[in-house]
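> My structure file start.txt, compact mmCIF, C-alpha atoms (C1' of nucleotides), is below:
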```txt
# COMPACT_ATOMS: atom_id res chain seq x y z
CA MET N 10 0.00 0.00 0.00
CA SER N 11 1.10 3.53 -0.69
CA GLY N 12 2.74 5.24 2.25
CA GLY N 13 0.92 8.50 1.54
CA VAL N 14 -2.20 7.08 3.16
CA GLU N 15 -0.65 7.36 6.59
CA ALA N 16 0.22 11.02 6.10
CA ALA N 17 -3.24 11.79 4.70
CA LEU N 18 -4.93 10.23 7.73
CA HIS N 19 -2.74 12.18 10.14
CA CYS N 20 -3.60 15.38 8.27
CA CYS N 21 -7.32 14.73 8.53
CA VAL N 22 -7.06 14.13 12.26
CA VAL N 23 -5.04 17.33 12.71
CA LEU N 24 -7.56 19.32 10.69
CA THR N 25 -10.11 18.27 13.30
CA ALA N 26 -8.29 20.44 15.83
CA ALA N 27 -7.96 23.44 13.51
CA THR N 28 -10.21 26.48 13.64
CA GLY N 29 -9.35 27.91 10.19
CA PRO N 30 -7.65 26.86 6.97
CA VAL N 31 -4.24 25.17 7.43
CA PRO N 32 -1.64 25.40 4.63
CA ALA N 33 0.00 22.22 3.36
CA ALA N 34 3.42 23.52 4.33
CA ARG N 35 2.30 23.89 7.94
CA LEU N 36 0.97 20.35 8.04
CA ALA N 37 4.23 19.04 6.59
CA GLN N 38 6.26 20.95 9.17
CA LEU N 39 4.14 19.57 11.99
CA HIS N 40 4.54 15.98 10.78
CA GLY N 41 8.17 16.26 9.75
CA VAL N 42 7.59 15.07 6.19
CA SER N 43 8.29 16.44 2.72
CA ALA N 44 6.05 19.43 2.07
CA THR N 45 5.82 19.04 -1.68
CA TYR N 46 4.93 15.37 -1.47
CA LEU N 47 2.32 15.93 1.19
CA ALA N 48 0.75 18.50 -1.14
CA LYS N 49 0.12 15.75 -3.64
CA GLN N 50 -1.83 13.69 -1.11
CA LEU N 51 -3.86 16.72 -0.07
CA GLN N 52 -4.72 17.34 -3.70
CA ALA N 53 -6.09 13.81 -3.83
CA LEU N 54 -8.23 14.53 -0.77
CA SER N 55 -9.40 17.71 -2.47
CA ARG N 56 -10.40 15.86 -5.65
CA ALA N 57 -12.43 13.45 -3.49
CA ASP N 58 -14.17 16.40 -1.82
CA LEU N 59 -13.00 15.39 1.64
CA VAL N 60 -11.19 18.68 2.14
CA GLN N 61 -11.70 22.05 0.51
CA SER N 62 -8.83 24.23 -0.56
CA VAL N 63 -9.07 27.97 0.02
CA GLN N 64 -6.55 30.04 -1.87
CA GLY N 65 -5.03 33.40 -1.15
CA LYS N 66 -2.88 34.84 1.57
CA SER N 67 -4.33 33.09 4.62
CA GLY N 68 -5.59 30.04 2.77
CA GLY N 69 -5.12 26.34 3.29
CA TYR N 70 -7.21 23.21 3.68
CA VAL N 71 -10.42 22.70 5.63
CA LEU N 72 -12.56 19.61 6.14
CA THR N 73 -15.71 19.80 4.06
CA ARG N 74 -17.78 17.68 6.44
CA PRO N 75 -17.91 17.04 10.18
CA PRO N 76 -15.29 14.40 11.07
CA GLU N 77 -18.02 11.97 12.10
CA ASP N 78 -19.07 11.79 8.44
CA ILE N 79 -15.60 11.01 7.04
CA THR N 80 -14.55 7.39 7.29
CA VAL N 81 -11.05 6.00 7.12
CA LEU N 82 -12.13 4.20 3.95
CA ASP N 83 -12.96 7.53 2.34
CA VAL N 84 -9.39 8.71 2.89
CA VAL N 85 -7.83 5.43 1.75
CA GLU N 86 -9.88 5.36 -1.45
CA ALA N 87 -9.15 9.01 -2.15
CA VAL N 88 -5.40 8.37 -2.09
CA GLU N 89 -5.13 4.77 -3.30
CA GLY N 90 -8.06 4.66 -5.70
CA THR N 91 -11.29 2.70 -5.45
CA GLN N 92 -10.30 -0.35 -7.44
CA SER N 93 -9.74 -3.63 -5.64
CA THR N 94 -6.20 -4.59 -4.65
CA PHE N 95 -6.59 -7.80 -6.67
CA VAL N 96 -7.16 -7.51 -10.40
CA CYS N 97 -8.19 -10.63 -12.31
CA THR N 98 -6.37 -11.00 -15.64
CA GLU N 99 -8.69 -13.78 -16.84
CA ILE N 100 -6.11 -16.53 -16.98
CA ARG N 101 -8.93 -19.00 -17.61
CA GLN N 102 -9.38 -17.52 -21.09
CA ARG N 103 -5.79 -18.24 -22.11
CA GLY N 104 -3.78 -21.30 -23.06
CA PRO N 105 -4.79 -24.48 -24.90
CA LEU N 106 -7.73 -25.23 -22.58
CA ALA N 107 -9.09 -21.68 -22.57
CA SER N 108 -12.69 -21.25 -21.53
CA PRO N 109 -14.76 -19.54 -24.24
CA PRO N 110 -15.58 -15.89 -23.52
CA GLU N 111 -19.33 -16.54 -23.52
CA ALA N 112 -18.84 -18.86 -20.50
CA CYS N 113 -16.98 -16.16 -18.58
CA THR N 114 -19.70 -13.62 -17.86
CA ALA N 115 -19.32 -14.06 -14.09
CA PRO N 116 -15.99 -13.59 -12.28
CA CYS N 117 -14.00 -16.76 -11.70
CA ALA N 118 -13.85 -18.48 -8.30
CA ILE N 119 -10.48 -16.98 -7.43
CA ALA N 120 -11.63 -13.45 -8.23
CA ARG N 121 -14.79 -13.99 -6.17
CA THR N 122 -12.78 -15.16 -3.16
CA MET N 123 -10.46 -12.18 -3.34
CA ALA N 124 -13.43 -9.85 -3.75
CA VAL N 125 -15.05 -11.19 -0.57
CA ALA N 126 -11.84 -10.51 1.37
CA ASP N 127 -11.55 -7.07 -0.18
CA ARG N 128 -15.09 -6.19 0.90
CA ALA N 129 -14.33 -7.35 4.46
CA TRP N 130 -11.26 -5.09 4.50
CA ARG N 131 -13.21 -2.10 3.26
CA ALA N 132 -16.08 -2.76 5.67
CA ALA N 133 -13.66 -2.64 8.61
CA LEU N 134 -12.25 0.68 7.41
CA ARG N 135 -15.75 2.07 6.90
CA GLU N 136 -16.58 1.42 10.55
CA VAL N 137 -14.04 3.98 11.83
CA SER N 138 -14.43 7.71 11.31
CA ILE N 139 -11.92 10.51 11.58
CA ALA N 140 -13.70 11.64 14.73
CA ASP N 141 -13.15 8.15 16.19
CA LEU N 142 -9.45 8.43 15.43
CA GLY N 143 -9.29 11.76 17.22
CA ARG N 144 -10.91 10.25 20.31
CA LEU N 145 -8.55 7.24 20.17
CA VAL N 146 -5.35 9.29 20.04
CA GLY N 147 -6.70 11.40 22.89
CA GLY N 148 -7.07 8.30 25.00
CA ASP N 149 -3.64 6.96 24.13
CA TYR N 150 -1.71 9.60 26.07
CA ASP N 151 -2.46 11.32 29.35
CA THR N 152 -1.91 14.76 27.84
CA ASP N 153 -4.41 16.39 25.47
CA VAL N 154 -2.45 15.97 22.25
CA LEU N 155 -5.11 17.35 19.95
CA GLY N 156 -5.45 20.47 22.08
CA LYS N 157 -1.72 21.06 21.89
CA VAL N 158 -1.85 20.67 18.13
CA GLY N 159 -4.61 23.26 17.92
CA ASP N 160 -2.56 25.71 19.98
CA TRP N 161 0.54 25.12 17.86
CA LEU N 162 -1.35 25.74 14.64
CA VAL N 163 -2.36 29.25 15.70
CA SER N 164 0.90 30.15 17.45
CA ALA N 165 3.43 28.83 14.90
CA GLU N 166 5.51 31.37 13.01
CA PRO N 167 4.83 31.65 9.24
CA MET C 15 -1.11 -6.44 -4.95
CA SER C 16 1.37 -8.42 -6.96
CA GLY C 17 -0.09 -10.10 -10.04
CA GLY C 18 1.85 -13.28 -9.40
CA VAL C 19 -0.67 -14.28 -6.74
CA GLU C 20 -3.28 -15.03 -9.37
CA ALA C 21 -0.96 -17.34 -11.28
CA ALA C 22 0.16 -19.10 -8.11
CA LEU C 23 -3.44 -19.80 -7.11
CA HIS C 24 -4.28 -21.17 -10.54
CA CYS C 25 -1.24 -23.44 -10.33
CA CYS C 26 -2.27 -24.82 -6.96
CA VAL C 27 -5.75 -25.61 -8.23
CA VAL C 28 -4.32 -27.33 -11.29
CA LEU C 29 -1.93 -29.38 -9.17
CA THR C 30 -5.03 -30.75 -7.46
CA ALA C 31 -5.92 -32.53 -10.70
CA ALA C 32 -2.42 -33.89 -11.30
CA THR C 33 -1.34 -37.44 -10.52
CA GLY C 34 2.42 -36.88 -10.62
CA PRO C 35 4.93 -34.00 -10.62
CA VAL C 36 4.17 -31.18 -13.08
CA PRO C 37 7.04 -29.06 -14.48
CA ALA C 38 6.81 -25.29 -14.27
CA ALA C 39 7.06 -25.02 -18.05
CA ARG C 40 3.97 -27.22 -18.45
CA LEU C 41 1.99 -25.06 -16.02
CA ALA C 42 3.05 -21.91 -17.86
CA GLN C 43 2.01 -23.40 -21.21
CA LEU C 44 -1.38 -24.39 -19.81
CA HIS C 45 -2.03 -20.91 -18.43
CA GLY C 46 -0.51 -19.00 -21.33
CA VAL C 47 1.91 -17.01 -19.18
CA SER C 48 5.66 -16.47 -19.12
CA ALA C 49 7.40 -19.68 -18.06
CA THR C 50 10.41 -18.05 -16.45
CA TYR C 51 8.33 -15.67 -14.41
CA LEU C 52 5.95 -18.35 -13.23
CA ALA C 53 8.99 -20.29 -12.03
CA LYS C 54 9.72 -17.48 -9.62
CA GLN C 55 6.27 -17.75 -8.04
CA LEU C 56 6.59 -21.52 -7.76
CA GLN C 57 9.92 -21.07 -6.00
CA ALA C 58 8.12 -18.89 -3.46
CA LEU C 59 5.55 -21.63 -2.94
CA SER C 60 8.40 -24.09 -2.50
CA ARG C 61 10.10 -21.93 0.12
CA ALA C 62 6.81 -21.80 2.03
CA ASP C 63 6.57 -25.60 1.89
CA LEU C 64 3.24 -25.53 0.07
CA VAL C 65 4.64 -27.45 -2.88
CA GLN C 66 7.63 -29.74 -3.13
CA SER C 67 10.01 -29.68 -6.06
CA VAL C 68 11.29 -32.99 -7.41
CA GLN C 69 14.24 -32.67 -9.74
CA GLY C 70 15.48 -34.88 -12.54
CA LYS C 71 14.11 -35.96 -15.84
CA SER C 72 10.44 -36.45 -14.99
CA GLY C 73 10.37 -33.97 -12.12
CA GLY C 74 8.21 -30.98 -11.35
CA TYR C 75 6.04 -29.67 -8.52
CA VAL C 76 3.68 -31.56 -6.21
CA LEU C 77 1.46 -30.33 -3.40
CA THR C 78 2.93 -31.21 -0.02
CA ARG C 79 -0.45 -31.43 1.72
CA PRO C 80 -4.00 -32.37 0.79
CA PRO C 81 -5.70 -29.33 -0.81
CA GLU C 82 -8.14 -29.13 2.10
CA ASP C 83 -5.21 -28.13 4.34
CA ILE C 84 -3.90 -25.32 2.09
CA THR C 85 -5.73 -22.02 2.43
CA VAL C 86 -5.79 -19.17 -0.04
CA LEU C 87 -4.08 -17.09 2.64
CA ASP C 88 -1.18 -19.54 2.68
CA VAL C 89 -0.61 -18.95 -1.04
CA VAL C 90 -1.00 -15.18 -0.79
CA GLU C 91 1.46 -14.92 2.10
CA ALA C 92 3.93 -17.20 0.36
CA VAL C 93 4.06 -14.89 -2.67
CA GLU C 94 3.40 -11.47 -1.15
CA GLY C 95 5.04 -11.92 2.24
CA THR C 96 3.45 -12.02 5.66
CA GLN C 97 3.83 -8.37 6.60
CA SER C 98 0.77 -6.16 6.71
CA THR C 99 -0.07 -4.07 3.66
CA PHE C 100 0.07 -0.98 5.87
CA VAL C 101 3.37 -0.10 7.52
CA CYS C 102 3.37 2.58 10.21
CA THR C 103 6.32 4.97 9.89
CA GLU C 104 5.72 6.49 13.35
CA ILE C 105 4.85 9.97 12.18
CA ARG C 106 3.81 10.80 15.75
CA GLN C 107 7.48 10.69 16.77
CA ARG C 108 8.49 13.38 14.28
CA GLY C 109 8.09 17.12 14.02
CA PRO C 110 8.04 19.84 16.70
CA LEU C 111 5.27 18.15 18.72
CA ALA C 112 6.81 14.66 18.56
CA SER C 113 5.62 12.20 21.17
CA PRO C 114 8.52 10.85 23.23
CA PRO C 115 9.54 7.27 22.33
CA GLU C 116 8.74 5.97 25.82
CA ALA C 117 5.08 6.93 25.26
CA CYS C 118 4.95 4.98 21.97
CA THR C 119 5.19 1.41 23.13
CA ALA C 120 1.78 0.53 21.69
CA PRO C 121 0.87 1.12 18.01
CA CYS C 122 -0.90 4.39 17.29
CA ALA C 123 -4.64 4.59 16.63
CA ILE C 124 -4.23 4.70 12.87
CA ALA C 125 -1.99 1.63 12.83
CA ARG C 126 -4.45 -0.23 15.06
CA THR C 127 -7.34 0.57 12.74
CA MET C 128 -5.45 -0.61 9.69
CA ALA C 129 -4.37 -3.75 11.55
CA VAL C 130 -7.98 -4.63 12.35
CA ALA C 131 -8.90 -4.33 8.68
CA ASP C 132 -5.87 -6.36 7.67
CA ARG C 133 -6.86 -9.14 10.05
CA ALA C 134 -10.38 -9.17 8.62
CA TRP C 135 -8.93 -9.51 5.11
CA ARG C 136 -6.67 -12.37 6.12
CA ALA C 137 -9.46 -14.10 8.02
CA ALA C 138 -11.61 -14.12 4.89
CA LEU C 139 -8.79 -15.63 2.85
CA ARG C 140 -8.14 -18.23 5.54
CA GLU C 141 -11.71 -19.47 5.25
CA VAL C 142 -11.24 -20.75 1.69
CA SER C 143 -9.03 -23.73 0.85
CA ILE C 144 -7.57 -24.83 -2.46
CA ALA C 145 -9.99 -27.75 -2.41
CA ASP C 146 -12.86 -25.28 -2.10
CA LEU C 147 -11.57 -23.40 -5.16
CA GLY C 148 -11.51 -26.65 -7.12
CA ARG C 149 -15.12 -27.36 -6.23
CA LEU C 150 -16.14 -23.80 -7.11
CA VAL C 151 -14.60 -23.83 -10.56
CA GLY C 152 -16.21 -27.21 -11.15
CA GLY C 153 -19.61 -25.72 -10.42
CA ASP C 154 -19.05 -22.66 -12.60
CA TYR C 155 -19.19 -24.54 -15.89
CA ASP C 156 -21.26 -27.49 -16.99
CA THR C 157 -18.21 -29.39 -18.19
CA ASP C 158 -15.72 -31.01 -15.82
CA VAL C 159 -12.89 -28.56 -16.30
CA LEU C 160 -10.58 -30.06 -13.70
CA GLY C 161 -10.92 -33.50 -15.27
CA LYS C 162 -9.97 -32.10 -18.67
CA VAL C 163 -6.94 -30.44 -17.13
CA GLY C 164 -5.87 -33.75 -15.63
CA ASP C 165 -6.18 -35.46 -19.01
CA TRP C 166 -4.24 -32.71 -20.75
CA LEU C 167 -1.40 -32.92 -18.23
CA VAL C 168 -0.74 -36.58 -19.02
CA SER C 169 -1.36 -36.35 -22.76
CA ALA C 170 0.53 -33.14 -23.60
CA GLU C 171 3.67 -33.42 -25.65
CA PRO C 172 6.96 -32.61 -23.85
C1' DT V 24 27.91 -43.67 -17.85
C1' DT V 25 25.46 -40.80 -20.39
C1' DG V 26 22.37 -37.45 -21.15
C1' DA V 27 18.75 -34.48 -21.07
C1' DC V 28 15.65 -32.40 -18.27
C1' DT V 29 14.55 -30.22 -13.81
C1' DC V 30 14.84 -26.47 -10.39
C1' DG V 31 17.36 -22.43 -8.23
C1' DG V 32 19.24 -18.05 -7.76
C1' DA V 33 21.57 -14.08 -10.15
C1' DC V 34 20.77 -10.49 -13.90
C1' DA V 35 18.07 -6.58 -16.86
C1' DA V 36 13.62 -3.81 -18.25
C1' DC V 37 9.56 -1.76 -16.96
C1' DA V 38 5.95 0.36 -13.94
C1' DT V 39 4.58 2.58 -10.03
C1' DA V 40 5.43 5.32 -6.02
C1' DT V 41 8.22 8.96 -4.22
C1' DG V 42 10.09 13.41 -4.26
C1' DT V 43 10.65 18.13 -6.60
C1' DC V 44 9.82 22.15 -9.23
C1' DC V 45 7.63 26.32 -11.13
C1' DG V 46 3.38 28.74 -12.91
C1' DA V 47 -1.86 30.34 -12.23
C1' DG V 48 -4.84 32.28 -9.10
C1' DT V 49 -6.54 34.76 -5.05
C1' DA V 50 -7.34 37.24 -0.88
C1' DA V 51 -5.25 40.41 2.33
C1' DG V 52 -3.31 44.89 3.13
C1' DG V 53 -1.84 49.47 1.90
C1' DC R 12 -7.80 50.24 -6.71
C1' DC R 13 -3.34 48.27 -6.94
C1' DT R 14 0.36 45.84 -5.17
C1' DT R 15 2.17 42.05 -3.09
C1' DA R 16 2.93 38.00 -0.96
C1' DC R 17 1.05 33.80 -0.17
C1' DT R 18 -1.81 29.81 -1.57
C1' DC R 19 -2.91 25.67 -4.47
C1' DG R 20 -2.47 22.91 -8.86
C1' DG R 21 -0.50 20.22 -12.27
C1' DA R 22 3.83 19.02 -15.00
C1' DC R 23 8.67 17.20 -14.32
C1' DA R 24 12.84 13.94 -12.33
C1' DT R 25 14.33 10.10 -9.16
C1' DA R 26 14.01 5.63 -6.35
C1' DT R 27 12.05 1.51 -5.22
C1' DG R 28 9.58 -2.64 -6.30
C1' DT R 29 7.48 -5.61 -9.69
C1' DT R 30 7.81 -8.00 -14.12
C1' DG R 31 10.40 -10.56 -17.21
C1' DT R 32 14.77 -13.14 -18.66
C1' DC R 33 18.91 -15.73 -18.48
C1' DC R 34 22.26 -19.40 -17.52
C1' DG R 35 24.46 -22.66 -14.14
C1' DA R 36 24.03 -26.62 -10.38
C1' DG R 37 21.81 -30.73 -9.40
C1' DT R 38 19.22 -35.04 -10.28
C1' DC R 39 16.64 -38.80 -11.88
C1' DA R 40 15.69 -41.88 -16.04
C1' DA R 41 17.49 -44.48 -19.51
```
Here is a file; write its structure as C-alpha cells.

Amino acid sequence: MSGGVEAALHCCVVLTAATGPVPAARLAQLHGVSATYLAKQLQALSRADLVQSVQGKSGGYVLTRPPEDITVLDVVEAVEGTQSTFVCTEIRQRGPLASPPEACTAPCAIARTMAVADRAWRAALREVSIADLGRLVGGDYDTDVLGKVGDWLVSAEP
Amino acid sequence: MSGGVEAALHCCVVLTAATGPVPAARLAQLHGVSATYLAKQLQALSRADLVQSVQGKSGGYVLTRPPEDITVLDVVEAVEGTQSTFVCTEIRQRGPLASPPEACTAPCAIARTMAVADRAWRAALREVSIADLGRLVGGDYDTDVLGKVGDWLVSAEP
DNA sequence: TTGACTCGGACAACATATGTCCGAGTAAGG
DNA sequence: CCTTACTCGGACATATGTTGTCCGAGTCAA
C-alpha cells in the first residue's frame, strides 16, 4: 500500500483540531515530512471532496464535512483509488484449454474469493471515522495531544 | 497487490488434478503465461513448503499437503510476504510536537485501525481452501474442467 | 555412464510510487 | 484600486519494487 495514506490520515485528524484553513506547508512541518509530497496527497483529498482548498494569503485546507461523516475508507480510497487490490487478468481464457468468452460472464472463483476478502477489508475501514481516530489518540496519552496541536497551529511562526 | 498471486493460485488448483509431478514449463504453457516468471512464483511456494520440487528428468512440482489443508491465505502470504499491507512509519514521533519514544510502546490509533482491517482480510482468505476453489470452478461450468486439465497434463507433448 | 531435463538463484527492463519544481490564481493589506 | 505575498495545482525527475529473462548446479531416467 502507498505510504501516503498514513500522512493523509494524520492530516485529517489534525484538521479536526484546527479552527481555520491550514496550509499544506504547515501540516508538513508539523509531521516532519516532505512538504511538496504531502501537497500531492492533499490534492487527492481535495479531488475526493474530503477537504476544501481555500486560496489566497491566509488560505489552506479545511474539512468539508464534520469528522463523524468522514470514514477511514474515504481517505484510503481518495489516495489509493477505489479499485480492488486484486485484479483478475482472466487466466482461464488463455492457453490451450481456454474457456470460451461466452462462458466467462461471471468472475472466476479466485476473483470472487479475493473480492469477498476485499469487501471485508473495506467494511472494517468504513466502521471507523476521523472523529473516532481523534478520540482514540486522545485516550492513548495522558496529555491532550489534539489540544496542543490546535494551539501550535495558531501560534506557529509563518 | 502483486499479479503473481493469481498465477500461483491457478497453479495450486491445477496441481489438485495432477497425478504426478508437473514441471513449471507445463503449467506456464497451460495458463498461457511467461514460463520463467511463473517459475519465480513456484519457488516462493516451494520456500513456504506448500509445494515440493522434485528434480530430474520427470520432475516438477507436487502439493505437499492435501488441498483441504492449504488455504488461499497460505498462497497469498507465500508470494506477497506475511507483513501487513500498511506499515506505520511512526509519524507521531516526528516534528516539533513529537511524542517521546517511551510513550509509543503501543501502536498508534491509525496503525491499530489498519491492523484490524488487515486481520479481517486475512481471516476471509483463511476461510477458503484450495480444495474449495476446485469445487467452485467445477460448479461454474457445466463441463468437468478439472478432469480435462488432468487429461491434458498426461497427454501433452513434452 | 550418459544425457537431457529439472529447479534455483543471479541479472536486466519496466511500472509505479516517491520526491521536486515552477506557474496560475486569489485574498489580504496598503 | 493596486500591489504584493502567499496559496494551491499540475507538470517534471528520481528511487524503489514488480515484471520478465537468463544461464548454471543438481538429479533422476534411460
> Find the residues in chain N near chain V: any atom within 7 Å counts, using all atoms listed in the file. Write them as a PyMOL selection string.
chain N and resi 45-46+64-66
> Go through chain N residue by residue and, counting only C-alpha atoms, keep those with an atom at most 8 Å from chain C; for each kept residue give the shortest atom pair and its distance in Å to one decimal, ordered by chain and increasing number, as a Markdown table.

```
| residue | atom | partner | partner_atom | distance |
| --- | --- | --- | --- | --- |
| N:Met10 | CA | C:Thr99 | CA | 5.5 |
| N:Gly12 | CA | C:Val101 | CA | 7.5 |
| N:Glu15 | CA | C:Cys102 | CA | 7.2 |
| N:Ala16 | CA | C:Ile105 | CA | 7.7 |
| N:Leu18 | CA | C:Ile124 | CA | 7.6 |
| N:Gln38 | CA | C:Gly109 | CA | 6.4 |
| N:Leu39 | CA | C:Gly109 | CA | 5.1 |
| N:His40 | CA | C:Gly109 | CA | 4.9 |
| N:Gly41 | CA | C:Gly109 | CA | 4.4 |
| N:Thr94 | CA | C:Met15 | CA | 5.4 |
| N:Phe95 | CA | C:Met15 | CA | 5.9 |
| N:Val96 | CA | C:Gly17 | CA | 7.5 |
| N:Cys97 | CA | C:Glu20 | CA | 7.2 |
| N:Ile100 | CA | C:His45 | CA | 6.2 |
| N:Arg101 | CA | C:His45 | CA | 7.2 |
| N:Arg103 | CA | C:Gly46 | CA | 5.4 |
| N:Gly104 | CA | C:Gly46 | CA | 4.4 |
| N:Pro105 | CA | C:Leu44 | CA | 6.1 |
| N:Leu106 | CA | C:Leu44 | CA | 7.0 |
| N:Ala112 | CA | C:Tyr155 | CA | 7.3 |
| N:Cys117 | CA | C:Val151 | CA | 7.2 |
| N:Ala118 | CA | C:Val151 | CA | 5.9 |
| N:Ile119 | CA | C:Leu147 | CA | 6.9 |
| N:Thr122 | CA | C:Leu139 | CA | 7.2 |
| N:Met123 | CA | C:Leu139 | CA | 7.3 |
| N:Val125 | CA | C:Ala138 | CA | 7.1 |
| N:Ala126 | CA | C:Trp135 | CA | 4.8 |
| N:Asp127 | CA | C:Trp135 | CA | 6.4 |
| N:Ala129 | CA | C:Trp135 | CA | 5.9 |
| N:Trp130 | CA | C:Ala131 | CA | 4.9 |
| N:Arg131 | CA | C:Ala131 | CA | 7.3 |
| N:Ala132 | CA | C:Ala131 | CA | 7.9 |
| N:Ala133 | CA | C:Ala131 | CA | 5.1 |
| N:Leu134 | CA | C:Ala131 | CA | 6.2 |
| N:Val137 | CA | C:Thr127 | CA | 7.6 |
| N:Leu142 | CA | C:Ala123 | CA | 6.3 |
| N:Leu145 | CA | C:Ala123 | CA | 5.9 |
| N:Val146 | CA | C:Ala123 | CA | 5.8 |
| N:Asp149 | CA | C:Cys122 | CA | 7.8 |
| N:Tyr150 | CA | C:Ala117 | CA | 7.3 |
| N:Val158 | CA | C:Leu111 | CA | 7.6 |
```
> Take every atom of range 31-46 of chain V listed in the file, fit an axis-aligned box around them, add 3 Å per side, and give the centre and edge lengths in Å to one decimal as JSON.

```
{"center_x": 12.5, "center_y": 3.2, "center_z": -11.2, "size_x": 24.2, "size_y": 57.2, "size_z": 20.0}
```
> Suppose you want the space between CA of Pro75 in chain N and CA of Thr28 in chain N; what is it in Å?
12.7 Å
> One number please: CA of Tyr75 in chain C to CA of Gln97 in chain C, in Å, one decimal.
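Separation between CA of Tyr75 in chain C and CA of Gln97 in chain C: 26.2 Å.
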> Please report as a tab-separated table every residue of chain R lying within 8 Å of chain C, along with the nearest atom pair and their distance in Å (one decimal), using all atoms listed in the file.

```
residue	atom	partner	partner_atom	distance
R:DT29	C1'	C:Ser16	CA	7.3
R:DT30	C1'	C:Tyr51	CA	7.7
R:DG31	C1'	C:Tyr51	CA	6.2
R:DT32	C1'	C:Thr50	CA	6.9
R:DG37	C1'	C:Gln69	CA	7.8
R:DT38	C1'	C:Gly70	CA	4.4
R:DC39	C1'	C:Gly70	CA	4.1
R:DA40	C1'	C:Lys71	CA	6.1
```
> Using Å and a single decimal, report how far CA of Ser67 in chain C sits from CA of Ala92 in chain C.
15.3 Å
> Smallest atom-to-atom distance to Gly74 in chain C: which of C:Cys26, C:Gln57, C:Val93, C:Val36, using only C-alpha atoms?
C:Val36
